[in-house]
file upload-v4.txt (compact mmCIF, C-alpha atoms)
# COMPACT_ATOMS: atom_id res chain seq x y z
CA MET A 1 -4.60 2.74 -16.19
CA GLN A 2 -2.59 -0.34 -17.13
CA SER A 3 0.27 0.86 -14.87
CA PHE A 4 -1.68 -0.13 -11.77
CA ILE A 5 -2.93 -3.58 -12.73
CA GLY A 6 -1.02 -6.23 -10.79
CA THR A 7 1.06 -5.82 -7.65
CA GLY A 8 2.10 -2.55 -6.08
CA VAL A 9 4.03 -2.59 -2.82
CA ALA A 10 3.75 -0.15 0.09
CA LEU A 11 7.41 0.57 0.83
CA VAL A 12 8.65 0.67 4.43
CA THR A 13 11.01 3.35 5.68
CA PRO A 14 13.99 1.40 7.05
CA PHE A 15 15.74 2.93 10.06
CA LYS A 16 19.23 2.41 11.44
CA LYS A 17 19.63 1.40 15.08
CA ASP A 18 19.87 5.12 15.97
CA PHE A 19 16.39 5.62 14.33
CA SER A 20 17.72 7.67 11.41
CA VAL A 21 16.50 6.87 7.88
CA ASP A 22 18.66 4.13 6.32
CA VAL A 23 19.11 5.22 2.71
CA ASP A 24 21.25 2.21 1.75
CA ALA A 25 18.67 -0.24 3.13
CA LEU A 26 15.84 1.54 1.32
CA THR A 27 17.80 1.26 -1.93
CA ARG A 28 18.29 -2.49 -1.31
CA ILE A 29 14.56 -2.94 -0.66
CA VAL A 30 13.60 -1.08 -3.85
CA ASN A 31 15.98 -3.30 -5.83
CA HIS A 32 14.58 -6.42 -4.09
CA VAL A 33 10.99 -5.68 -5.10
CA ILE A 34 11.87 -4.59 -8.65
CA GLU A 35 13.86 -7.80 -9.17
CA GLY A 36 10.93 -9.73 -7.66
CA GLY A 37 8.68 -8.59 -10.49
CA VAL A 38 6.21 -6.17 -8.91
CA GLU A 39 4.41 -3.73 -11.19
CA TYR A 40 4.66 -0.46 -9.20
CA LEU A 41 5.88 1.14 -5.96
CA VAL A 42 3.96 3.17 -3.36
CA VAL A 43 5.99 5.74 -1.43
CA LEU A 44 5.03 7.27 1.94
CA GLY A 45 1.97 5.19 2.71
CA THR A 46 1.01 3.97 6.19
CA THR A 47 3.60 1.16 6.03
CA ALA A 48 6.32 3.82 5.65
CA GLU A 49 5.59 5.08 9.20
CA THR A 50 4.91 8.42 7.52
CA ALA A 51 3.22 9.76 10.66
CA THR A 52 6.61 9.74 12.44
CA LEU A 53 8.71 11.24 9.63
CA SER A 54 9.76 14.89 9.50
CA ASN A 55 9.27 16.86 6.28
CA GLU A 56 13.01 16.60 5.60
CA GLU A 57 12.93 12.82 6.08
CA LYS A 58 9.95 12.50 3.73
CA GLU A 59 11.90 14.34 1.03
CA LEU A 60 14.90 12.08 1.66
CA VAL A 61 12.71 8.97 1.27
CA ILE A 62 11.21 10.31 -1.98
CA ALA A 63 14.63 11.20 -3.42
CA THR A 64 16.07 7.80 -2.44
CA VAL A 65 13.24 5.81 -4.02
CA VAL A 66 13.24 7.93 -7.20
CA LYS A 67 17.00 7.42 -7.58
CA ALA A 68 16.91 3.67 -6.83
CA ASN A 69 13.93 3.08 -9.12
CA ALA A 70 15.62 5.00 -11.95
CA GLY A 71 12.40 5.16 -13.98
CA LYS A 72 11.94 1.38 -14.06
CA LEU A 73 8.48 1.21 -12.43
CA PRO A 74 5.59 3.66 -12.00
CA LEU A 75 5.64 5.43 -8.62
CA VAL A 76 2.63 6.36 -6.48
CA LEU A 77 2.98 8.94 -3.70
CA GLY A 78 0.92 8.96 -0.53
CA VAL A 79 -0.69 12.40 -0.18
CA GLY A 80 -3.55 12.39 2.29
CA GLY A 81 -4.68 13.57 5.67
CA ASN A 82 -7.57 14.75 7.79
CA ASN A 83 -7.04 18.46 7.12
CA THR A 84 -8.46 18.97 3.62
CA LEU A 85 -6.93 22.43 3.17
CA LYS A 86 -3.46 21.12 4.02
CA VAL A 87 -3.81 18.22 1.54
CA VAL A 88 -4.99 20.64 -1.16
CA GLU A 89 -2.04 22.95 -0.46
CA GLU A 90 0.45 20.09 -0.84
CA LEU A 91 -1.17 19.04 -4.12
CA LYS A 92 -0.86 22.60 -5.43
CA THR A 93 2.79 23.04 -4.46
CA ARG A 94 4.58 19.67 -4.73
CA ASP A 95 6.53 18.58 -7.79
CA PHE A 96 4.95 15.34 -9.06
CA SER A 97 7.13 14.92 -12.14
CA ASN A 98 8.46 11.53 -10.93
CA PHE A 99 5.03 10.15 -9.97
CA SER A 100 2.21 8.56 -11.95
CA ALA A 101 -0.55 8.88 -9.31
CA ILE A 102 -1.24 9.76 -5.69
CA LEU A 103 -2.72 7.49 -3.04
CA SER A 104 -4.98 9.53 -0.78
CA VAL A 105 -6.43 8.10 2.42
CA SER A 106 -9.95 8.82 3.58
CA PRO A 107 -9.77 11.36 6.44
CA TYR A 108 -8.97 9.71 9.78
CA TYR A 109 -9.86 10.71 13.36
CA ASN A 110 -12.42 13.39 12.35
CA LYS A 111 -14.95 10.66 11.40
CA PRO A 112 -16.67 12.58 8.58
CA THR A 113 -20.05 11.57 7.14
CA GLN A 114 -20.22 10.05 3.65
CA GLU A 115 -20.96 13.54 2.32
CA GLY A 116 -17.90 14.88 4.14
CA ILE A 117 -15.74 12.14 2.60
CA TYR A 118 -17.17 12.94 -0.85
CA GLN A 119 -16.47 16.69 -0.46
CA HIS A 120 -12.93 16.00 0.79
CA PHE A 121 -12.09 13.95 -2.29
CA ARG A 122 -13.87 16.41 -4.53
CA ALA A 123 -11.45 19.07 -3.26
CA VAL A 124 -8.51 16.68 -3.83
CA ALA A 125 -9.63 15.75 -7.36
CA ASN A 126 -10.15 19.38 -8.35
CA VAL A 127 -6.50 20.31 -7.68
CA SER A 128 -4.48 17.10 -8.18
CA PRO A 129 -2.22 17.40 -11.25
CA ILE A 130 -1.97 13.58 -11.53
CA PRO A 131 -4.49 10.71 -11.16
CA VAL A 132 -5.89 9.91 -7.71
CA ILE A 133 -6.32 6.50 -6.07
CA VAL A 134 -8.53 6.88 -3.00
CA TYR A 135 -7.81 4.68 0.02
CA ASN A 136 -10.42 3.14 2.32
CA VAL A 137 -8.97 1.63 5.49
CA PRO A 138 -11.64 1.74 8.24
CA GLY A 139 -9.37 -0.02 10.75
CA ARG A 140 -7.17 3.08 10.76
CA THR A 141 -9.58 5.90 9.88
CA ALA A 142 -12.56 4.92 12.12
CA SER A 143 -14.96 5.47 9.20
CA ASN A 144 -15.90 3.26 6.25
CA MET A 145 -16.09 4.75 2.77
CA LEU A 146 -19.24 3.12 1.43
CA PRO A 147 -19.37 1.73 -2.13
CA SER A 148 -22.05 4.31 -3.01
CA THR A 149 -19.66 7.15 -2.10
CA VAL A 150 -16.79 5.59 -4.05
CA ILE A 151 -18.96 5.03 -7.16
CA ARG A 152 -20.23 8.59 -6.94
CA LEU A 153 -16.66 9.90 -6.88
CA ALA A 154 -15.63 7.55 -9.72
CA ASN A 155 -18.49 8.81 -11.89
CA ASP A 156 -18.03 12.50 -11.05
CA PHE A 157 -14.22 12.81 -11.36
CA LYS A 158 -12.38 11.16 -14.23
CA ASN A 159 -9.01 11.68 -12.50
CA ILE A 160 -10.12 9.48 -9.58
CA ILE A 161 -8.98 6.26 -11.26
CA GLY A 162 -9.28 3.68 -8.51
CA ILE A 163 -9.59 2.71 -4.89
CA LYS A 164 -7.31 0.83 -2.55
CA GLU A 165 -10.02 -1.08 -0.68
CA ALA A 166 -8.78 -2.27 2.71
CA ALA A 167 -11.98 -2.83 4.68
CA GLY A 168 -11.21 -6.56 4.65
CA ASP A 169 -14.78 -7.15 3.45
CA ILE A 170 -15.05 -9.26 0.30
CA VAL A 171 -18.78 -8.48 -0.06
CA GLN A 172 -18.10 -4.73 -0.01
CA ALA A 173 -15.29 -5.23 -2.55
CA MET A 174 -17.64 -7.18 -4.83
CA LYS A 175 -20.24 -4.38 -4.66
CA LEU A 176 -17.54 -1.94 -5.81
CA ILE A 177 -16.50 -4.24 -8.66
CA GLN A 178 -20.13 -4.80 -9.69
CA ASN A 179 -21.09 -1.12 -9.82
CA LYS A 180 -17.90 0.70 -10.81
CA PRO A 181 -17.62 2.56 -14.12
CA GLU A 182 -15.56 0.88 -16.82
CA GLY A 183 -11.83 1.32 -16.31
CA PHE A 184 -12.09 2.20 -12.60
CA LEU A 185 -9.63 0.07 -10.60
CA VAL A 186 -10.64 -1.79 -7.45
CA ILE A 187 -7.29 -2.59 -5.80
CA SER A 188 -7.02 -4.82 -2.75
CA GLY A 189 -5.49 -3.25 0.34
CA ASP A 190 -5.73 -6.51 2.25
CA ASP A 191 -3.16 -9.19 1.37
CA MET A 192 -5.24 -12.13 2.61
CA ILE A 193 -8.23 -11.46 0.32
CA THR A 194 -6.24 -10.20 -2.67
CA LEU A 195 -6.72 -13.34 -4.75
CA PRO A 196 -10.51 -13.59 -4.19
CA MET A 197 -10.81 -9.88 -5.08
CA VAL A 198 -8.75 -10.34 -8.27
CA LEU A 199 -10.84 -13.35 -9.29
CA ALA A 200 -14.01 -11.32 -8.67
CA GLY A 201 -12.77 -8.64 -11.10
CA GLY A 202 -10.32 -6.57 -9.03
CA ALA A 203 -7.22 -4.99 -10.56
CA GLY A 204 -4.61 -6.31 -8.13
CA VAL A 205 -3.17 -5.17 -4.83
CA ILE A 206 -1.12 -2.62 -2.95
CA SER A 207 0.65 -5.10 -0.71
CA VAL A 208 2.82 -5.43 2.38
CA ILE A 209 3.70 -9.14 2.12
CA GLY A 210 4.53 -8.54 -1.56
CA GLU A 211 7.44 -6.45 -0.35
CA GLY A 212 8.97 -9.36 1.56
CA PHE A 213 8.20 -12.06 -1.00
CA PRO A 214 7.69 -10.12 -4.25
CA LYS A 215 8.40 -13.00 -6.63
CA GLU A 216 5.78 -15.34 -5.18
CA PHE A 217 3.11 -12.75 -4.39
CA SER A 218 3.26 -10.84 -7.68
CA GLU A 219 3.16 -14.15 -9.57
CA MET A 220 0.04 -15.15 -7.58
CA VAL A 221 -1.66 -11.92 -8.66
CA ARG A 222 -0.67 -12.39 -12.31
CA LEU A 223 -1.98 -15.96 -12.27
CA GLY A 224 -5.22 -14.69 -10.76
CA LEU A 225 -5.58 -12.04 -13.46
CA GLN A 226 -4.99 -14.78 -16.05
CA ARG A 227 -7.72 -16.90 -14.36
CA LYS A 228 -5.23 -19.68 -13.57
CA VAL A 229 -7.07 -20.34 -10.34
CA ASP A 230 -5.47 -23.53 -9.03
CA GLU A 231 -1.91 -22.31 -9.63
CA ALA A 232 -2.72 -18.95 -8.03
CA TYR A 233 -4.21 -20.58 -4.93
CA GLN A 234 -1.11 -22.76 -4.52
CA LEU A 235 0.92 -19.58 -4.05
CA HIS A 236 -1.78 -18.01 -1.86
CA TYR A 237 -1.66 -20.94 0.57
CA LEU A 238 2.15 -21.01 0.46
CA LEU A 239 2.18 -17.41 1.78
CA ALA A 240 -1.02 -17.35 3.88
CA ASP A 241 0.68 -18.05 7.24
CA SER A 242 3.20 -15.27 6.64
CA ILE A 243 0.40 -12.80 5.90
CA ASP A 244 -1.19 -13.57 9.27
CA MET A 245 2.17 -13.30 11.01
CA ILE A 246 3.30 -9.95 9.58
CA PHE A 247 0.10 -8.28 10.83
CA GLU A 248 -0.18 -10.21 14.11
CA GLN A 249 1.60 -7.51 16.16
CA GLY A 250 1.13 -4.54 13.87
CA ASN A 251 2.47 -3.16 10.62
CA PRO A 252 5.32 -2.59 9.71
CA GLY A 253 6.90 -4.38 12.70
CA GLY A 254 6.23 -7.78 11.10
CA ILE A 255 7.48 -7.01 7.61
CA LYS A 256 10.58 -5.28 9.03
CA GLU A 257 11.39 -8.53 10.84
CA VAL A 258 11.19 -10.30 7.46
CA PHE A 259 13.61 -7.74 6.00
CA LYS A 260 16.02 -8.34 8.88
CA SER A 261 15.83 -12.07 8.14
CA LEU A 262 16.52 -11.41 4.44
CA GLY A 263 19.52 -9.25 5.35
CA LEU A 264 18.03 -6.15 3.72
CA SER A 265 17.57 -3.84 6.72
CA GLU A 266 17.39 -3.55 10.49
CA ASN A 267 14.04 -4.28 12.15
CA THR A 268 13.94 -0.84 13.83
CA VAL A 269 10.57 0.90 14.18
CA ARG A 270 9.78 4.27 15.79
CA LEU A 271 7.57 4.77 18.83
CA PRO A 272 4.70 4.43 19.42
CA LEU A 273 5.38 1.22 17.44
CA VAL A 274 7.63 -1.43 18.97
CA ASN A 275 9.34 -4.53 17.60
CA VAL A 276 7.51 -7.84 17.42
CA ASN A 277 8.23 -10.18 20.33
CA GLU A 278 10.82 -12.97 20.24
CA ASP A 279 8.27 -15.69 19.57
CA LEU A 280 6.86 -13.99 16.46
CA ALA A 281 10.34 -12.96 15.28
CA SER A 282 11.44 -16.61 15.48
CA ARG A 283 8.40 -17.79 13.50
CA LEU A 284 8.95 -15.13 10.82
CA HIS A 285 12.65 -16.02 10.49
CA HIS A 286 11.75 -19.70 10.19
CA PHE A 287 9.16 -18.97 7.47
CA THR A 288 11.55 -16.72 5.54
CA LYS A 289 14.23 -19.44 5.53
CA LYS A 290 11.65 -21.98 4.33
CA ILE A 291 10.56 -19.79 1.39
CA GLY A 292 14.17 -18.82 0.59
call {"tool": "encode", "arguments": {"input": "upload-v4.txt", "output": "structure tokens"}}
result
Amino acid sequence: MQSFIGTGVALVTPFKKDFSVDVDALTRIVNHVIEGGVEYLVVLGTTAETATLSNEEKELVIATVVKANAGKLPLVLGVGGNNTLKVVEELKTRDFSNFSAILSVSPYYNKPTQEGIYQHFRAVANVSPIPVIVYNVPGRTASNMLPSTVIRLANDFKNIIGIKEAAGDIVQAMKLIQNKPEGFLVISGDDMITLPMVLAGGAGVISVIGEGFPKEFSEMVRLGLQRKVDEAYQLHYLLADSIDMIFEQGNPGGIKEVFKSLGLSENTVRLPLVNVNEDLASRLHHFTKKIG
């Protein structure tokens, strides 16, 4: 799946000061990342604050991104949850004509066993009309999808084409890369270890910092894929402090502060999330000016 080699970005949902979805700002952000050279866009992932969006707002976000993208880049839609039947029902009923794949998170809160995780994704794979990228993010789900489970799914279901691996564990990522079937994509879900994962044989990243600084981050990934190690690490170290900062007080509070600094959107987030404090906001604005 050449479409998903390189840099994908997990789009935020920008809000106005009254907390309504800011369609104009979302359009600006989509244009910003396309012009910055990213390879694909991810809609309604965790970074989009999807948990706080109504069904109507989700449809508005989808329609806005589809219109702004205008067929330029492949689109991936977040379709996941901890109620397998509900996920299956959405996969059976939604129109996926504008999307090239789904990103489906490992079930959170329920804390299933490895067998439970396997059976959940088996149900997803059996009904999904488009390719599936599974998503392992133990920091949010409270369970780790082990490499053995991922490899089993990759071997058993040809439409499970990759994993967004966000355990933050380079050894676990390397086990996936070592044992995966040919063509299966191991995609970083952790901006800080994206370059080491790419150099170890990973396919790229689904990024948050790549949304703020798409030109620099997507170029780093391309250089890594081309094995231009020294040039890639120059860009990694240029951005490393900003990666720490945007996650310091939670996502997407940090990246929304970057967007405010860039003049693309307000920094509004919905409860239970709150804005980053003044100290971090100041550091992020200073960094953004330095890069700009």
call {"tool": "residues_around", "arguments": {"input": "upload-v4.txt", "residues": "range 181-187 of chain A", "least_positions_apart": "4", "cutoff": "8 Å", "atoms": "all atoms listed in the file", "output": "number ranges by chain"}}
result
A: 1, 5, 151, 154-155, 161-165, 173, 176-177, 202-206
call {"tool": "residues_around", "arguments": {"input": "upload-v4.txt", "residues": "Lys260 in chain A", "least_positions_apart": "5", "cutoff": "12 Å", "atoms": "only C-alpha atoms", "output": "list in words"}}
result
Pro14, Phe15, Lys16, Ala25, Arg28, Ile29, Gly212, Gly253, Gly254, Ile255, Ser265, Glu266, Asn267, Thr268, Val269, Asn275, Ala281, Ser282, Leu284, His285, Thr288 and Lys289 of chain A
call {"tool": "write_last_selection", "arguments": {"input": "upload-v4.txt", "atoms": "C-alpha atoms", "output": "PDB file, in the coordinates of the input"}}
result
ATOM      1  CA  PRO A  14      13.990   1.400   7.050  1.00  0.00           C
ATOM      2  CA  PHE A  15      15.740   2.930  10.060  1.00  0.00           C
ATOM      3  CA  LYS A  16      19.230   2.410  11.440  1.00  0.00           C
ATOM      4  CA  ALA A  25      18.670  -0.240   3.130  1.00  0.00           C
ATOM      5  CA  ARG A  28      18.290  -2.490  -1.310  1.00  0.00           C
ATOM      6  CA  ILE A  29      14.560  -2.940  -0.660  1.00  0.00           C
ATOM      7  CA  GLY A 212       8.970  -9.360   1.560  1.00  0.00           C
ATOM      8  CA  GLY A 253       6.900  -4.380  12.700  1.00  0.00           C
ATOM      9  CA  GLY A 254       6.230  -7.780  11.100  1.00  0.00           C
ATOM     10  CA  ILE A 255       7.480  -7.010   7.610  1.00  0.00           C
ATOM     11  CA  SER A 265      17.570  -3.840   6.720  1.00  0.00           C
ATOM     12  CA  GLU A 266      17.390  -3.550  10.490  1.00  0.00           C
ATOM     13  CA  ASN A 267      14.040  -4.280  12.150  1.00  0.00           C
ATOM     14  CA  THR A 268      13.940  -0.840  13.830  1.00  0.00           C
ATOM     15  CA  VAL A 269      10.570   0.900  14.180  1.00  0.00           C
ATOM     16  CA  ASN A 275       9.340  -4.530  17.600  1.00  0.00           C
ATOM     17  CA  ALA A 281      10.340 -12.960  15.280  1.00  0.00           C
ATOM     18  CA  SER A 282      11.440 -16.610  15.480  1.00  0.00           C
ATOM     19  CA  LEU A 284       8.950 -15.130  10.820  1.00  0.00           C
ATOM     20  CA  HIS A 285      12.650 -16.020  10.490  1.00  0.00           C
ATOM     21  CA  THR A 288      11.550 -16.720   5.540  1.00  0.00           C
ATOM     22  CA  LYS A 289      14.230 -19.440   5.530  1.00  0.00           C
TER      23      LYS A 289
END
call {"tool": "closest_residue", "arguments": {"input": "upload-v4.txt", "among": "A:Val61, A:Pro112, A:Asn159, A:Asn98", "to": "Met145 in chain A", "atoms": "all atoms listed in the file"}}
result
A:Pro112
call {"tool": "closest_residue", "arguments": {"input": "upload-v4.txt", "among": "A:Val105, A:Ile170, A:Leu273, A:Leu223", "to": "Asp190 in chain A", "atoms": "all atoms listed in the file"}}
result
A:Ile170
call {"tool": "closest_residue", "arguments": {"input": "upload-v4.txt", "among": "A:Gly250, A:Gly292, A:Gly139, A:Gly263", "to": "Val276 in chain A", "atoms": "only C-alpha atoms"}}
result
A:Gly250
call {"tool": "residues_near_point", "arguments": {"input": "upload-v4.txt", "point": "(13.1, 4.8, -10.4)", "cutoff": "12 Å", "atoms": "all atoms listed in the file", "output": "ChimeraX atom specification"}}
result
/A:27,30-31,33-34,40-43,62-76,97-100
call {"tool": "closest_residue", "arguments": {"input": "upload-v4.txt", "among": "A:Asn136, A:Ser143, A:Ser128, A:Ser207", "to": "Leu195 in chain A", "atoms": "all atoms listed in the file"}}
result
A:Ser207
call {"tool": "closest_residue", "arguments": {"input": "upload-v4.txt", "among": "A:Lys158, A:Arg270, A:Lys111, A:Arg152", "to": "Ile130 in chain A", "atoms": "all atoms listed in the file"}}
result
A:Lys158
call {"tool": "decode", "arguments": {"input": "upload-v4.txt", "residues": "range 94-152 of chain A", "atoms": "C-alpha atoms", "output": "CSV table (one decimal), in the first residue's frame"}}
result
chain,number,residue,atom,x,y,z
A,94,ARG,CA,-21.1,4.1,6.4
A,95,ASP,CA,-20.2,5.3,3.0
A,96,PHE,CA,-16.4,5.0,2.5
A,97,SER,CA,-16.2,6.2,-1.1
A,98,ASN,CA,-13.9,9.1,-0.1
A,99,PHE,CA,-11.6,7.0,2.0
A,100,SER,CA,-8.7,4.6,1.2
A,101,ALA,CA,-8.5,2.9,4.6
A,102,ILE,CA,-9.7,2.9,8.2
A,103,LEU,CA,-7.7,3.4,11.3
A,104,SER,CA,-9.1,1.2,14.1
A,105,VAL,CA,-8.0,1.4,17.7
A,106,SER,CA,-7.5,-1.6,19.9
A,107,PRO,CA,-10.5,-1.7,22.4
A,108,TYR,CA,-10.0,0.7,25.3
A,109,TYR,CA,-11.3,0.5,28.9
A,110,ASN,CA,-12.5,-3.1,28.7
A,111,LYS,CA,-8.9,-4.4,28.8
A,112,PRO,CA,-9.4,-7.5,26.7
A,113,THR,CA,-7.0,-10.4,26.5
A,114,GLN,CA,-4.8,-10.9,23.4
A,115,GLU,CA,-7.4,-13.4,22.2
A,116,GLY,CA,-10.2,-10.8,22.7
A,117,ILE,CA,-8.2,-8.2,20.8
A,118,TYR,CA,-7.7,-10.8,18.0
A,119,GLN,CA,-11.4,-11.6,17.8
A,120,HIS,CA,-12.3,-7.9,17.8
A,121,PHE,CA,-10.2,-7.2,14.8
A,122,ARG,CA,-11.3,-10.4,13.1
A,123,ALA,CA,-14.9,-9.1,13.3
A,124,VAL,CA,-13.7,-5.7,11.9
A,125,ALA,CA,-11.7,-7.3,9.1
A,126,ASN,CA,-14.6,-9.5,8.1
A,127,VAL,CA,-16.9,-6.6,7.4
A,128,SER,CA,-14.7,-3.6,6.5
A,129,PRO,CA,-15.2,-2.7,2.8
A,130,ILE,CA,-11.7,-1.0,2.7
A,131,PRO,CA,-8.3,-1.8,4.1
A,132,VAL,CA,-7.7,-1.7,7.9
A,133,ILE,CA,-4.8,-0.2,9.8
A,134,VAL,CA,-5.0,-1.4,13.4
A,135,TYR,CA,-3.9,1.0,16.2
A,136,ASN,CA,-2.0,0.1,19.3
A,137,VAL,CA,-1.8,2.8,21.9
A,138,PRO,CA,-1.4,1.3,25.4
A,139,GLY,CA,-1.2,4.7,27.1
A,140,ARG,CA,-4.8,5.3,26.1
A,141,THR,CA,-6.3,1.8,25.9
A,142,ALA,CA,-4.8,0.2,29.1
A,143,SER,CA,-3.8,-2.9,27.1
A,144,ASN,CA,-0.8,-3.6,24.9
A,145,MET,CA,-1.4,-5.4,21.6
A,146,LEU,CA,1.5,-7.8,21.5
A,147,PRO,CA,3.6,-8.3,18.3
A,148,SER,CA,2.4,-12.0,18.2
A,149,THR,CA,-1.2,-10.8,18.0
A,150,VAL,CA,-0.5,-8.3,15.3
A,151,ILE,CA,1.5,-10.8,13.2
A,152,ARG,CA,-1.3,-13.3,13.6
